[in-house]
Amino acid sequence: MSRRFHAPVVLPADPSCSLLRDAVVDVDDEGRISFVGPASSAPEFAGEETRLTGILLPGLVNSHAHSPMTLLRGMGGDLPLLRWLREIIWPTEAKLKPADVRTGMLLGSVEMLRHGVTTSAEMYFEGEQLVDAVLATGGRVLVAPPVIELPGLDWRATLAAIDRWIDADGLRFGPGERIELGYGPHSAYMLNPDGLRATAESAAARGALVQIHVAEAAAEDLEQRKEHGSVPKLLDSLGMFNGRTLAAHSVHLSDEDIAIFAARGVGMAHCPGSNAKLASGIARIKDLRAAGVAIGLGTDGPASNDDIDLWEELQLTAMLARLANDDSTVVTAKDVFLMATRGGAEALGRHDLGVLEPGRWADLVHVDLDDPAFATGLDVPDEQLLANLVWAAGSRRVRDVWVAGEQVVAEAEPTRVDRREIQASVADTAARLRA
């Protein structure tokens, strides 16, 4: 059924980050947007109309996450990255059963949807379980099963399994194309050059997205940097940047690395919360933006962040960039809002998401104003209202969420699944993992 949403303020996430007053968003029968603009210039409409208070904006895009790790939240929280992975995370993940991944992803998807994050790019094992969880909650996900070298894992078998899955189901499927399949070579230090090259070739042949960790921590890829000069140079030489590529973290980049990203159209997932918590460093956001690299924001996993509230990443992105450059104007509220919406979609190569404009999927978020952050009301300058949303309110007043026009959150609770039941299942699973 077609539907019209009428709100006092609409933030479409257009390039200038404009703010529309007394505006409407029309959604067609397929769940795509057919019109966005002032109510005074809207076409005649005969469908169902929903009148909202407050602000309507596009669903946020979490461009890098490992959301099933809700099961591991808080474990090893004061360790550096490599010790955290080797001593805590990988041994615990070895105990996971396939159904555990579904349980963890259910909670992760619910947590994100309640924060207004409608799409996440996920790198995790047991992709079928992850997909089943997201189809249950009604979210949207880009799945990248990890291709990795660890004892007991054959990267060739993993790659062949991903190839078969995509060849059987296609890149996108589910109602409203809510699932997209891709490849997740973990990193240059966890997969040999042959594996990296083969993964890149499989992805390019299918037009699939590659999600890969790049230059996250200074000590993680010493061997690769010594031999090849940098991780981006190595990946570029292996053809990894010939297709759609999302480079997560990308903290330790040289000028030459940034130029490679820009020339090859590599998207970057900036994860400031995880980078800060693990003391990995501060990514060169000013320089990456100046070079024209598409930047999205990511939470990383809920065991390294430790939440998956993308609104916090908006704030941290601006704050850390300002500190790193000694310049309070280098990244603005408009800049980070666009990174969390249209920027994430661009980084993932998904130009059907992240913006309220005709033809894109109707992934919508309603923020009400019943909060001290909005006590000054709507009748303030546009810049002040956006500042109040980004700097003060964040996810607190996300009340309703739609994906492809279907309501999946109402009054801050999921409509398709029982949040408390999922939380209880996570508690049971986590207890078993600790035993």
# chains A, B, ... in the order shown; residues from 1 in each chain; ligands from 1
>>> select_by_dssp(residues="stretch 323-369 of chain A", states="strand (DSSP E or B)", output="list in words")
Trp361, Leu364, Val365, His366 and Val367 of chain A
>>> residues_around(residues="A:Glu30", least_positions_apart="5", cutoff="9 Å", atoms="only C-alpha atoms", output="list in words")
Met1, Ser2, Gly176, Trp361, Ala404 and Gly405 of chain A
>>> write_last_selection(atoms="N, CA and C atoms", output="short mmCIF file (atom, residue, chain, number, x, y, z; two decimals), in the first residue's frame")
data_model
loop_
_atom_site.label_atom_id
_atom_site.label_comp_id
_atom_site.auth_asym_id
_atom_site.auth_seq_id
_atom_site.Cartn_x
_atom_site.Cartn_y
_atom_site.Cartn_z
N MET A 1 0.83 -1.19 0.00
CA MET A 1 0.00 0.00 0.00
C MET A 1 0.87 1.25 0.00
N SER A 2 0.55 2.21 -0.86
CA SER A 2 1.30 3.46 -0.86
C SER A 2 0.98 4.25 0.41
N GLY A 176 12.14 -6.39 -0.34
CA GLY A 176 12.81 -5.09 -0.36
C GLY A 176 14.32 -5.22 -0.50
N TRP A 361 15.13 3.14 -1.49
CA TRP A 361 14.27 2.41 -0.56
C TRP A 361 13.82 3.33 0.57
N ALA A 404 12.03 -0.34 3.89
CA ALA A 404 11.28 -0.57 2.66
C ALA A 404 9.79 -0.32 2.89
N GLY A 405 9.50 0.71 3.68
CA GLY A 405 8.13 1.12 3.93
C GLY A 405 7.40 0.33 4.99
#
>>> closest_atom_pairs(of="stretch 272-319 of chain A", to="stretch 74-83 of chain A", cutoff="10 Å", atoms="only C-alpha atoms", output="JSON lines")
{"residue": "A:Ser274", "atom": "CA", "partner": "A:Leu81", "partner_atom": "CA", "distance": 9.7}
{"residue": "A:Asn275", "atom": "CA", "partner": "A:Leu81", "partner_atom": "CA", "distance": 9.3}
{"residue": "A:Lys277", "atom": "CA", "partner": "A:Asp78", "partner_atom": "CA", "distance": 8.3}
{"residue": "A:Leu278", "atom": "CA", "partner": "A:Pro80", "partner_atom": "CA", "distance": 5.4}
{"residue": "A:Ala279", "atom": "CA", "partner": "A:Pro80", "partner_atom": "CA", "distance": 7.1}
{"residue": "A:Ser280", "atom": "CA", "partner": "A:Leu81", "partner_atom": "CA", "distance": 7.6}
{"residue": "A:Pro302", "atom": "CA", "partner": "A:Gly74", "partner_atom": "CA", "distance": 8.2}
{"residue": "A:Ala303", "atom": "CA", "partner": "A:Gly74", "partner_atom": "CA", "distance": 5.7}
{"residue": "A:Ser304", "atom": "CA", "partner": "A:Gly77", "partner_atom": "CA", "distance": 7.1}
{"residue": "A:Asn305", "atom": "CA", "partner": "A:Gly77", "partner_atom": "CA", "distance": 8.9}
{"residue": "A:Asp306", "atom": "CA", "partner": "A:Gly74", "partner_atom": "CA", "distance": 6.8}
{"residue": "A:Asp307", "atom": "CA", "partner": "A:Gly74", "partner_atom": "CA", "distance": 9.7}
>>> closest_residue(among="A:Glu87, A:Gly59, A:Glu201, A:Thr158", to="A:Met112", atoms="only C-alpha atoms")
A:Gly59
>>> select_by_dssp(residues="stretch 243-406 of chain A", states="helix (DSSP H, G or I)", output="MDAnalysis selection string")
chainID A and resid 255:264 272:277 285:291 310:325 333:347 372:374 382:393
>>> residues_around(residues="stretch 64-71 of chain A", least_positions_apart="5", cutoff="9 Å", atoms="only C-alpha atoms", output="PyMOL selection string")
chain A and resi 93+100-109+120-124+130+211+246+248-249+269-271+296-304+306-308+426-427+429-430+433
>>> residues_around(residues="A:Trp311", least_positions_apart="5", cutoff="8 Å", atoms="only C-alpha atoms", output="VMD selection string")
chain A and resid 115 390 394 to 395
>>> residues_around(residues="A:Val331", least_positions_apart="6", cutoff="10 Å", atoms="only C-alpha atoms", output="list in words")
Ile285, Lys286, Arg289, Thr317, Ala318, Met319, Leu320, Ala321, Arg322 and Asn325 of chain A
>>> atom_distance(atom1="atom CA of A:Arg3", atom2="atom CA of A:Glu180")
25.8 Å
>>> closest_residue(among="A:Gly138, A:Gly152, A:Phe173, A:Gly54", to="A:Val408", atoms="only C-alpha atoms")
A:Gly138
>>> closest_residue(among="A:Val27, A:Gly170, A:Gln315, A:Val367", to="A:Val409", atoms="only C-alpha atoms")
A:Val367
>>> closest_residue(among="A:Ala133, A:Ala375, A:Leu314, A:Leu338", to="A:Ala13", atoms="only C-alpha atoms")
A:Leu338
>>> closest_residue(among="A:Ala276, A:Ala362, A:Ala373, A:Leu56", to="A:Phe35", atoms="only C-alpha atoms")
A:Ala362
>>> closest_residue(among="A:Arg73, A:Ser250, A:Arg140, A:Val417", to="A:Thr118", atoms="only C-alpha atoms")
A:Arg140
